[in-house]
Every structure is written in structure tokens, then in C-alpha cells.
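Peer 1: Mind having a look at this structure? Questions to follow.
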Amino acid sequence: MPGQFKKVRRPPDNWRVRSYLPAILHGLWITAHHFFRNLFIFTAHRFGLLKRVRAGVVYQWPEEPRPVAPRYRGRHRLLKRPDGTPRCVACYMCETICPAECIHIIPQEVPDPFIEKAPRAFYIDLSKCIFCGYCVEACPEDAIRMDVFDFRLAGYDRFQMVLDMETMLNSEPSHPSQ
Ligand code: SF4
Ligand code: SF4
């Protein structure tokens with residue numbers, strides 16, 4: 001509807017804007033600043049100087065893992081009882097609550113009369129997992145945790161992304177800063 005819009009005249013671009021020269025020089029200055037700053041600090045580090053001044057903004061992976069929060073949720077592990085058997089009682093709470101439906105448990109009976117069931121197989125498909133942590137929260141036995149700080153979650157095919165029970169039972173908690 002005419003009358004409701006205010007027409008604003010855009011000033012024509014001057015030669016500075018049309019040449020892109022100031023923007024290019026500004027970008028070159030930022031790049032050169034980082035380059036020479038890092039070159040100077042890395043050289044000083046070589047001679048044992050300025051050790052407390054950090055150089056590049058990147059981490060020298062894998063020698064220098066990136067710090068993460070202690071509550072970081074990473075790859076899963078299954079906890080064991082003192083006798084080495086899984087603490088999991090195959091109750092399906094984690095499988096039921098998992099929004100990605102990536103947990104699959106096959107139960108079996110155990111001779112211990114105080115334990116109703118135990119998992120015969122326990123799989124987590126990490127290619128579907130969204131690392132929400134619901135499985136850890138839902139577990140009534142504190143049998144599953146996500147405190148394996150393993151960042152190399154990659155595989156050449158989807159089958160390599162499936163965690164099996166043995167892998168999870170033999171995983172240890174770790175933190176890169178420890
Ligand atoms: S972290 Fe979330 S998505 Fe991944 S297995 Fe647990 S409940 Fe499922
Ligand atoms: S919720 Fe805990 S005890 Fe139940 S099946 Fe999952 S890991 Fe096992």
C-alpha cells in the first residue's frame with residue numbers, strides 16, 4: 001500500500017567501496033598480524049622463551065588434546081561388578097528412553113538368584129547416537145556412563161560405528177587433562 005513505506009535513497013558507492021581495496025588490505029593485515037605473531041612466539045618457544053604465552057589458536061592434535069569440560073558426554077562404557085560381570089541387569093530402561101533408538105540389548109538369565117537378568121549382547125550404534133545422555137540418567141544400576149574421552153569416533157563403514165558389549169566393558173574412564 002503506497003504511503004506506508006518510506007523510500008530511502010541509497011547513496012552511491014564511492015570508489016573506496018567499489019575497489020574493495022580497504023577490505024582487502026584489512027583482511028591482509030589480520031592474516032599478517034596472526035602470521036608474524038605466531039612466528040615470533042613459536043621462535044621464542046624454540047629458545048625456551050615466552051613459554052607462558054600461547055601461540056597459535058589451534059591445538060596441536062594429537063599431542064595436545066583440546067581441554068573439555070568435566071561433564072563432557074563422550075563414548076559410552078559399561079561398568080562391572082567386583083566379580084567382573086556387567087552391572088547391567090538388562091532392564092531396557094536405556095533402550096526404551098533412547099530417542100535415537102540406537103541401543104540394542106539381548107538379555108539372558110544368570111545363576112545368581114538376586115539378579116534377574118544380564119545382557120548377553122549390548123550394542124550402541126554411535127552413528128545414530130545424539131549423545132544426549134538420557135541412557136545414563138535412566139539407568140537404575142549406574143551401569144552405563146559416558147566418561148570415555150575418546151574423540152576418535154570414526155570408522156570406514158557403519159559397522160565400525162557400532163559399540164559392542166566387550167568394548168564398552170573394557171573401556172576405562174579418562175579425561176584428557178588427567
Ligand atoms: S546418549 Fe542418547 S542417543 Fe545416545 S545412546 Fe544414550 S540415550 Fe541414546
Ligand atoms: S538402563 Fe542400565 S541396567 Fe538397564 S539395560 Fe540399560 S544399562 Fe542395563
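By order in the C-alpha cells, chains are A, B, ...; within a chain, residues start at 1; ligands start at 1, following the order shown.
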Write out, as a tab-separated table, each residue of chain A that has an atom at most 8 Å from ligand 2, together with the closest pair of atoms and their distance in Å to one decimal, counting only C-alpha atoms and all ligand atoms, rows going by chain and rising number.

Peer 2:
residue	atom	partner	partner_atom_place_in_ligand_line	distance
A:Leu78	CA	ligand 2	7 (S)	7.1
A:Arg87	CA	ligand 2	3 (S)	6.9
A:Cys88	CA	ligand 2	8 (Fe)	3.7
A:Val89	CA	ligand 2	3 (S)	4.5
A:Ala90	CA	ligand 2	5 (S)	3.7
A:Cys91	CA	ligand 2	4 (Fe)	3.9
A:Tyr92	CA	ligand 2	5 (S)	4.2
A:Met93	CA	ligand 2	1 (S)	4.2
A:Cys94	CA	ligand 2	1 (S)	4.1
A:Glu95	CA	ligand 2	6 (Fe)	6.3
A:Ile105	CA	ligand 2	5 (S)	7.0
A:Ala118	CA	ligand 2	8 (Fe)	7.7
A:Pro119	CA	ligand 2	8 (Fe)	7.4
A:Cys135	CA	ligand 2	1 (S)	6.4
A:Val136	CA	ligand 2	1 (S)	7.3
A:Ala138	CA	ligand 2	1 (S)	5.7
A:Cys139	CA	ligand 2	1 (S)	3.5
A:Pro140	CA	ligand 2	2 (Fe)	5.8
A:Glu141	CA	ligand 2	3 (S)	5.1
A:Asp142	CA	ligand 2	2 (Fe)	6.2
A:Ala143	CA	ligand 2	2 (Fe)	4.9
A:Ile144	CA	ligand 2	7 (S)	5.0

Peer 1: Could you give me the residues within 7 Å of ligand 1, counting only C-alpha atoms and all ligand atoms, as a ChimeraX atom specification?

Peer 2: /A:94,97-103,124,128-136

Peer 1: I'd like to know which residues of chain A are strand (DSSP E or B) (by DSSP, run on the backbone); could you write them as number ranges by chain?

Peer 2: A: 75-78, 80, 86, 103-109, 117-125, 144-148, 162-163, 174

Peer 1: Please produce a file of those selected residues containing N, CA and C atoms, as a short mmCIF file (atom, residue, chain, number, x, y, z; two decimals), in the first residue's frame.

Peer 2:
data_model
loop_
_atom_site.label_atom_id
_atom_site.label_comp_id
_atom_site.auth_asym_id
_atom_site.auth_seq_id
_atom_site.Cartn_x
_atom_site.Cartn_y
_atom_site.Cartn_z
N ARG A 75 31.99 -41.16 24.50
CA ARG A 75 31.65 -42.53 24.20
C ARG A 75 31.22 -43.26 25.48
N HIS A 76 30.36 -44.27 25.31
CA HIS A 76 29.81 -44.98 26.45
C HIS A 76 30.76 -46.07 26.95
N ARG A 77 30.58 -46.41 28.21
CA ARG A 77 31.21 -47.61 28.75
C ARG A 77 30.23 -48.26 29.70
N LEU A 78 30.39 -49.56 29.88
CA LEU A 78 29.56 -50.31 30.82
C LEU A 78 30.40 -50.65 32.03
N LYS A 80 31.40 -52.65 35.61
CA LYS A 80 31.40 -54.05 36.05
C LYS A 80 31.16 -54.13 37.55
N PRO A 86 28.93 -57.78 34.18
CA PRO A 86 28.35 -56.45 33.94
C PRO A 86 27.38 -56.06 35.05
N ILE A 103 20.20 -48.19 20.87
CA ILE A 103 20.67 -49.19 21.83
C ILE A 103 19.91 -50.49 21.59
N HIS A 104 20.63 -51.59 21.53
CA HIS A 104 20.02 -52.90 21.33
C HIS A 104 20.61 -53.87 22.36
N ILE A 105 19.72 -54.46 23.14
CA ILE A 105 20.16 -55.35 24.22
C ILE A 105 19.52 -56.71 24.02
N ILE A 106 20.31 -57.75 24.15
CA ILE A 106 19.78 -59.12 24.16
C ILE A 106 20.03 -59.67 25.56
N PRO A 107 18.97 -59.99 26.31
CA PRO A 107 19.16 -60.42 27.71
C PRO A 107 19.40 -61.92 27.82
N GLN A 108 19.84 -62.29 28.98
CA GLN A 108 19.98 -63.72 29.31
C GLN A 108 19.78 -63.88 30.81
N GLU A 109 19.42 -65.08 31.22
CA GLU A 109 19.27 -65.36 32.65
C GLU A 109 20.63 -65.65 33.25
N LYS A 117 18.37 -60.62 35.42
CA LYS A 117 18.88 -60.79 34.06
C LYS A 117 20.23 -60.10 33.93
N ALA A 118 20.87 -60.39 32.83
CA ALA A 118 22.12 -59.71 32.47
C ALA A 118 22.13 -59.65 30.94
N PRO A 119 22.88 -58.74 30.38
CA PRO A 119 22.90 -58.69 28.92
C PRO A 119 23.80 -59.79 28.34
N ARG A 120 23.29 -60.45 27.34
CA ARG A 120 24.14 -61.36 26.57
C ARG A 120 24.86 -60.59 25.48
N ALA A 121 24.17 -59.60 24.95
CA ALA A 121 24.77 -58.70 23.97
C ALA A 121 24.22 -57.30 24.23
N PHE A 122 25.05 -56.32 23.99
CA PHE A 122 24.66 -54.92 24.24
C PHE A 122 25.34 -54.10 23.16
N TYR A 123 24.56 -53.49 22.30
CA TYR A 123 25.13 -52.70 21.20
C TYR A 123 24.64 -51.27 21.28
N ILE A 124 25.52 -50.36 20.95
CA ILE A 124 25.13 -48.96 20.74
C ILE A 124 25.66 -48.52 19.39
N ASP A 125 24.77 -48.07 18.53
CA ASP A 125 25.17 -47.58 17.21
C ASP A 125 25.53 -46.10 17.32
N ILE A 144 25.87 -47.67 33.12
CA ILE A 144 26.37 -47.10 31.86
C ILE A 144 26.74 -45.64 32.10
N ARG A 145 27.89 -45.27 31.59
CA ARG A 145 28.35 -43.88 31.72
C ARG A 145 28.96 -43.44 30.40
N MET A 146 29.12 -42.13 30.29
CA MET A 146 29.67 -41.58 29.03
C MET A 146 30.94 -40.79 29.34
N ASP A 147 31.84 -41.40 30.10
CA ASP A 147 33.03 -40.67 30.54
C ASP A 147 34.31 -41.19 29.90
N VAL A 148 34.18 -41.81 28.72
CA VAL A 148 35.39 -42.18 27.98
C VAL A 148 35.69 -41.03 27.01
N VAL A 162 29.49 -49.29 15.49
CA VAL A 162 28.66 -49.99 16.48
C VAL A 162 29.55 -50.45 17.63
N LEU A 163 29.24 -49.96 18.83
CA LEU A 163 29.98 -50.37 20.03
C LEU A 163 29.40 -51.68 20.54
N SER A 174 38.41 -41.73 31.44
CA SER A 174 39.63 -40.95 31.29
C SER A 174 39.24 -39.51 31.01
#

Peer 1: Could the residues of region 54-163 of chain A that have an atom at most 12 Å from region 15-37 of chain A be listed as a tab-separated table, each with its closest atom pair and the distance in Å to one decimal, counting only C-alpha atoms and ordered by chain and ascending residue number?

Peer 2:
residue	atom	partner	partner_atom	distance
A:Arg54	CA	A:Arg37	CA	10.3
A:Ala55	CA	A:Arg37	CA	7.5
A:Gly56	CA	A:His34	CA	8.1
A:Val57	CA	A:His34	CA	9.3
A:Val58	CA	A:His34	CA	11.9

Peer 1: If you keep N, CA and C atoms, can you produce a file of those selected residues as a short mmCIF file (atom, residue, chain, number, x, y, z; two decimals), in the first residue's frame?

Peer 2:
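File written: result-v4.cif
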data_model
loop_
_atom_site.label_atom_id
_atom_site.label_comp_id
_atom_site.auth_asym_id
_atom_site.auth_seq_id
_atom_site.Cartn_x
_atom_site.Cartn_y
_atom_site.Cartn_z
N ARG A 54 50.71 -18.19 24.74
CA ARG A 54 50.22 -19.18 23.79
C ARG A 54 50.34 -18.63 22.37
N ALA A 55 50.79 -19.47 21.46
CA ALA A 55 50.97 -19.01 20.08
C ALA A 55 49.70 -19.20 19.27
N GLY A 56 49.66 -20.21 18.44
CA GLY A 56 48.54 -20.38 17.51
C GLY A 56 47.22 -20.57 18.24
N VAL A 57 46.15 -20.33 17.54
CA VAL A 57 44.83 -20.54 18.13
C VAL A 57 44.38 -21.97 17.93
N VAL A 58 45.20 -22.80 17.29
CA VAL A 58 44.83 -24.20 17.08
C VAL A 58 45.53 -25.06 18.12
#
